[in-house]
Each structure stands twice: as C-alpha cells, then as structure tokens.
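**Q** Shown below is the structure under consideration.
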Amino acid sequence: MQQIRDPYQDPVQDRTRKLAAVLGKEVTGRILAVLAHESYLSASDIASRLHIHIATAQKYLMEMKEAGLVNSRWRRSPTRPTEEYWLSKDKITIEIDLRSDVGRKDMESLANSLTLSLRRDVNVAIDSDDSKKMVSEILVLGDGDRPIIGNRIKLDNVEGRFAWHLAEEPTNVRVMDVVEKAELDSKYLPQIMDLVDKLTNIGAVRSTTHEKKEDE
C-alpha cells in the first residue's frame, strides 16, 4: 500500500504552522506593536512597557526569534551583557499552497474521473510542433476562419505537452491518462486542471465527470 505523506511533516508547511501559532498569541502582537515603534529593546524594556513579567517577555521573544519575527544582538554594559531585539522585517506575509499537499489526492481523483473530448462542431485551430510533441497555441475560429476575440490560449511547456497528447486521442480520454502519456508529474495537476477549465470555457473541449470504478 502506498504511504501518503503527511503534509504537516513538510518542512515549509511546518515552519508556516509554527509561525501562525506564534502570531496567534496576544502577547506576540503586543510585543510586535512595541518593536514597530522602538528598536533595540531588551526583554526588561519590553516587560516594563507592557506591564508583564520579564520571564514572560523573554519566553515570547525567544519564540518570536525562532519564528524569524525578530532579530537580536548583545550589547555590552558595565554590569552584564544585554540582549536587544528589533523587528526582522516590517511586513509579514504567510503563503500556503493548499493544493501542493493537502489537495493532491482530491486533484488526482478528479483527474481520474474527468474525461475530455475535442469538440467536432467547433472550428479549433492548433499550432503544434510534432517533433517536440508540443502545442504552443489553441484558438477557436469563427466564420471565415477568423479568431474569436478572447478565445486564444498560449501554452507553456507543461500545458503544451498535455494539449499535444490530448489531440492524439481526442475523444473520451481521462485527464490522468493524458497526463501519464505526456509523462508529466502529478504536481502539475492544478495547472493542468486550470487549462482544462480554459479549454472548456472557450468551447474547445467537452468535459464529462464519471465515477471511477473500483476495479480500475
């Protein structure tokens, strides 16, 4: 049986989860607000401004430093060295690609159940390079073989390989079968499904969803 990788064991997802956990704490937000206006503050300085215990300030500052929210330096003093903190960046952006891991199995299931057929009742022009097994452009033509405005799609390498193999078997072919024949990694499924949506919207293909049989 194939083992499914737990998305929370992914290093990037794990760092994002830890960062979100630190940012979700009230004291973290208060410390960030203080450091947004003053830099190079010690745990004692922050504790004094927020009216919290210095041990609490030190605990949160350590978490924030590990999460990459603050930087620190040691300053010499007549008594003992003091660690001072400042914001590592002025803006924080968290980006989570839900499709990369969490939605991968659902995407594969959809690709196995969705069949495509090139429409014979529509005048579709395909610009392809058979030597590279690539399609560079697809457009739907109107009367007089003139392109319909907005019904032109330029394809990159991944999309072009998928489209070329789709054109080889233009009737009732599963998306996943085309992906496999094009020798594309399943990580490109989100991009492929977006292309399928575009091709359906411009009327170049007809798509039908079927339940996948148990013995397939």
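Residue numbers start at 1 in each chain; chains themselves are named A, B, ... in the order of the structure tokens; ligands are numbered from 1 in the order shown.
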Please provide the set of residues having any atom within 8 Å of Tyr40 in chain A, restricted to only C-alpha atoms, with same-chain residues fewer than 4 positions apart removed, written as a list in words.

**A**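 Residues near the query, excluding close chain neighbours: Ser72, Glu84, Tyr85 and Trp86 of chain A.
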
**Q** Quick one: write out the picked residues with C-alpha atoms as a PDB file, in the first residue's frame?

**A**
ATOM      1  CA  SER A  72      18.731  40.290  18.407  1.00  0.00           C
ATOM      2  CA  GLU A  84      18.424  43.717  22.446  1.00  0.00           C
ATOM      3  CA  TYR A  85      15.654  42.949  19.956  1.00  0.00           C
ATOM      4  CA  TRP A  86      14.246  44.547  16.814  1.00  0.00           C
TER       5      TRP A  86
END

**Q** Could you pull out the strand (DSSP E or B) residues of range 34-177 of chain A from DSSP and send them as a tab-separated table (two decimals) with N, CA and C atoms, in the first residue's frame?

**A**
chain	number	residue	atom	x	y	z
A	41	LEU	N	15.38	47.01	21.88
A	41	LEU	CA	14.86	46.96	23.24
A	41	LEU	C	15.21	45.62	23.87
A	42	SER	N	15.48	45.63	25.17
A	42	SER	CA	15.76	44.40	25.90
A	42	SER	C	14.45	43.79	26.38
A	70	VAL	N	11.80	38.40	14.90
A	70	VAL	CA	12.70	39.42	15.45
A	70	VAL	C	14.15	38.96	15.34
A	71	ASN	N	15.04	39.93	15.33
A	71	ASN	CA	16.48	39.67	15.42
A	71	ASN	C	16.98	40.19	16.77
A	72	SER	N	18.17	39.80	17.15
A	72	SER	CA	18.73	40.29	18.41
A	72	SER	C	20.23	40.46	18.30
A	73	ARG	N	20.75	41.24	19.21
A	73	ARG	CA	22.20	41.43	19.32
A	73	ARG	C	22.53	41.61	20.80
A	74	TRP	N	23.79	41.38	21.12
A	74	TRP	CA	24.24	41.55	22.51
A	74	TRP	C	24.97	42.88	22.64
A	75	ARG	N	24.56	43.65	23.63
A	75	ARG	CA	25.19	44.95	23.90
A	75	ARG	C	25.93	44.88	25.23
A	82	THR	N	23.59	42.69	27.59
A	82	THR	CA	22.13	42.74	27.45
A	82	THR	C	21.75	42.40	26.01
A	83	GLU	N	20.76	41.50	25.87
A	83	GLU	CA	20.29	41.15	24.54
A	83	GLU	C	19.20	42.13	24.12
A	84	GLU	N	19.38	42.74	22.96
A	84	GLU	CA	18.42	43.72	22.45
A	84	GLU	C	17.73	43.17	21.20
A	85	TYR	N	16.47	43.51	21.03
A	85	TYR	CA	15.65	42.95	19.96
A	85	TYR	C	15.12	44.05	19.04
A	86	TRP	N	14.92	43.67	17.77
A	86	TRP	CA	14.25	44.55	16.81
A	86	TRP	C	13.54	43.69	15.77
A	87	LEU	N	12.60	44.26	15.06
A	87	LEU	CA	11.85	43.52	14.06
A	87	LEU	C	12.75	43.08	12.92
A	114	LEU	N	-12.49	12.71	-14.71
A	114	LEU	CA	-12.88	13.67	-15.74
A	114	LEU	C	-12.38	13.24	-17.10
A	115	THR	N	-13.30	13.11	-18.07
A	115	THR	CA	-12.93	12.76	-19.44
A	115	THR	C	-13.13	13.96	-20.35
A	116	LEU	N	-12.27	14.04	-21.37
A	116	LEU	CA	-12.31	15.17	-22.30
A	116	LEU	C	-12.50	14.69	-23.73
A	117	SER	N	-13.15	15.51	-24.52
A	117	SER	CA	-13.30	15.25	-25.95
A	117	SER	C	-13.15	16.58	-26.68
A	118	LEU	N	-12.31	16.58	-27.73
A	118	LEU	CA	-12.23	17.78	-28.56
A	118	LEU	C	-13.54	17.93	-29.31
A	124	VAL	N	-11.61	24.58	-34.37
A	124	VAL	CA	-10.48	24.81	-33.48
A	124	VAL	C	-9.17	24.73	-34.25
A	125	ALA	N	-8.32	25.72	-34.09
A	125	ALA	CA	-7.00	25.72	-34.71
A	125	ALA	C	-5.95	25.46	-33.65
A	126	ILE	N	-5.00	24.57	-33.96
A	126	ILE	CA	-3.94	24.21	-33.02
A	126	ILE	C	-2.59	24.43	-33.68
A	127	ASP	N	-1.76	25.23	-33.06
A	127	ASP	CA	-0.40	25.47	-33.53
A	127	ASP	C	0.53	24.52	-32.76
A	128	SER	N	1.03	23.51	-33.45
A	128	SER	CA	1.80	22.47	-32.76
A	128	SER	C	3.14	22.21	-33.43
A	129	ASP	N	4.03	21.61	-32.66
A	129	ASP	CA	5.33	21.17	-33.14
A	129	ASP	C	5.42	19.68	-32.84
A	134	MET	N	4.56	19.14	-28.84
A	134	MET	CA	4.15	20.34	-28.11
A	134	MET	C	3.09	21.10	-28.89
A	135	VAL	N	2.18	21.73	-28.16
A	135	VAL	CA	1.23	22.69	-28.73
A	135	VAL	C	1.55	24.03	-28.11
A	136	SER	N	1.74	25.04	-28.95
A	136	SER	CA	2.09	26.36	-28.42
A	136	SER	C	0.89	27.28	-28.29
A	137	GLU	N	-0.18	26.99	-29.07
A	137	GLU	CA	-1.33	27.89	-29.05
A	137	GLU	C	-2.59	27.16	-29.51
A	138	ILE	N	-3.70	27.48	-28.90
A	138	ILE	CA	-5.00	26.94	-29.28
A	138	ILE	C	-5.95	28.12	-29.43
A	139	LEU	N	-6.71	28.13	-30.52
A	139	LEU	CA	-7.70	29.18	-30.68
A	139	LEU	C	-8.95	28.65	-31.37
A	140	VAL	N	-10.08	29.23	-31.02
A	140	VAL	CA	-11.36	28.88	-31.63
A	140	VAL	C	-11.65	29.91	-32.70
A	141	LEU	N	-11.93	29.42	-33.92
A	141	LEU	CA	-12.17	30.29	-35.07
A	141	LEU	C	-13.66	30.48	-35.30
A	147	PRO	N	-10.14	34.39	-35.85
A	147	PRO	CA	-10.13	34.07	-34.42
A	147	PRO	C	-11.19	34.86	-33.67
A	148	ILE	N	-11.86	34.21	-32.74
A	148	ILE	CA	-12.83	34.88	-31.90
A	148	ILE	C	-12.08	35.55	-30.76
A	149	ILE	N	-12.34	36.83	-30.55
A	149	ILE	CA	-11.63	37.59	-29.53
A	149	ILE	C	-11.81	36.93	-28.16
A	150	GLY	N	-10.71	36.73	-27.47
A	150	GLY	CA	-10.76	36.14	-26.13
A	150	GLY	C	-10.68	34.63	-26.14
A	151	ASN	N	-10.76	34.01	-27.32
A	151	ASN	CA	-10.75	32.55	-27.41
A	151	ASN	C	-9.41	32.04	-27.93
A	152	ARG	N	-8.35	32.63	-27.45
A	152	ARG	CA	-6.99	32.23	-27.82
A	152	ARG	C	-6.22	31.93	-26.53
A	153	ILE	N	-5.54	30.78	-26.50
A	153	ILE	CA	-4.77	30.40	-25.33
A	153	ILE	C	-3.34	30.06	-25.75
A	154	LYS	N	-2.37	30.75	-25.18
A	154	LYS	CA	-0.96	30.43	-25.40
A	154	LYS	C	-0.51	29.49	-24.28
A	173	VAL	N	-11.20	10.77	-23.32
A	173	VAL	CA	-9.94	10.35	-22.70
A	173	VAL	C	-9.86	11.00	-21.32
A	174	ARG	N	-9.43	10.22	-20.34
A	174	ARG	CA	-9.32	10.75	-18.98
A	174	ARG	C	-8.14	11.72	-18.87

**Q** Under the rule that only C-alpha atoms are counted, which of A:Val34, A:Ala20, A:Val205, A:Met176 is the nearest residue to Glu108 in chain A?

**A** A:Met176

**Q** Skip Asp185 in chain A itself and residues of its chain fewer than 5 positions away, then list as a PyMOL selection string all residues within 12 Å of it, counting only C-alpha atoms.

**A** chain A and resi 104+108+158+161-162+176+178-180+190-192

**Q** Take the residues just selected and output them with C-alpha atoms as a short mmCIF file (atom, residue, chain, number, x, y, z; two decimals), in the first residue's frame.

**A**
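Generated output (again_6.cif):
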data_model
loop_
_atom_site.label_atom_id
_atom_site.label_comp_id
_atom_site.auth_asym_id
_atom_site.auth_seq_id
_atom_site.Cartn_x
_atom_site.Cartn_y
_atom_site.Cartn_z
CA ARG A 104 -3.19 16.48 -4.07
CA GLU A 108 -5.78 13.13 -8.65
CA VAL A 158 3.67 21.66 -19.42
CA ARG A 161 2.72 18.68 -23.82
CA PHE A 162 -0.67 17.94 -22.28
CA MET A 176 -4.97 11.47 -15.84
CA VAL A 178 -3.24 12.24 -20.89
CA VAL A 179 -1.02 13.41 -18.01
CA GLU A 180 0.66 10.00 -17.86
CA PRO A 190 -3.50 22.13 -10.61
CA GLN A 191 -2.05 23.84 -13.69
CA ILE A 192 -3.50 21.16 -15.99
#
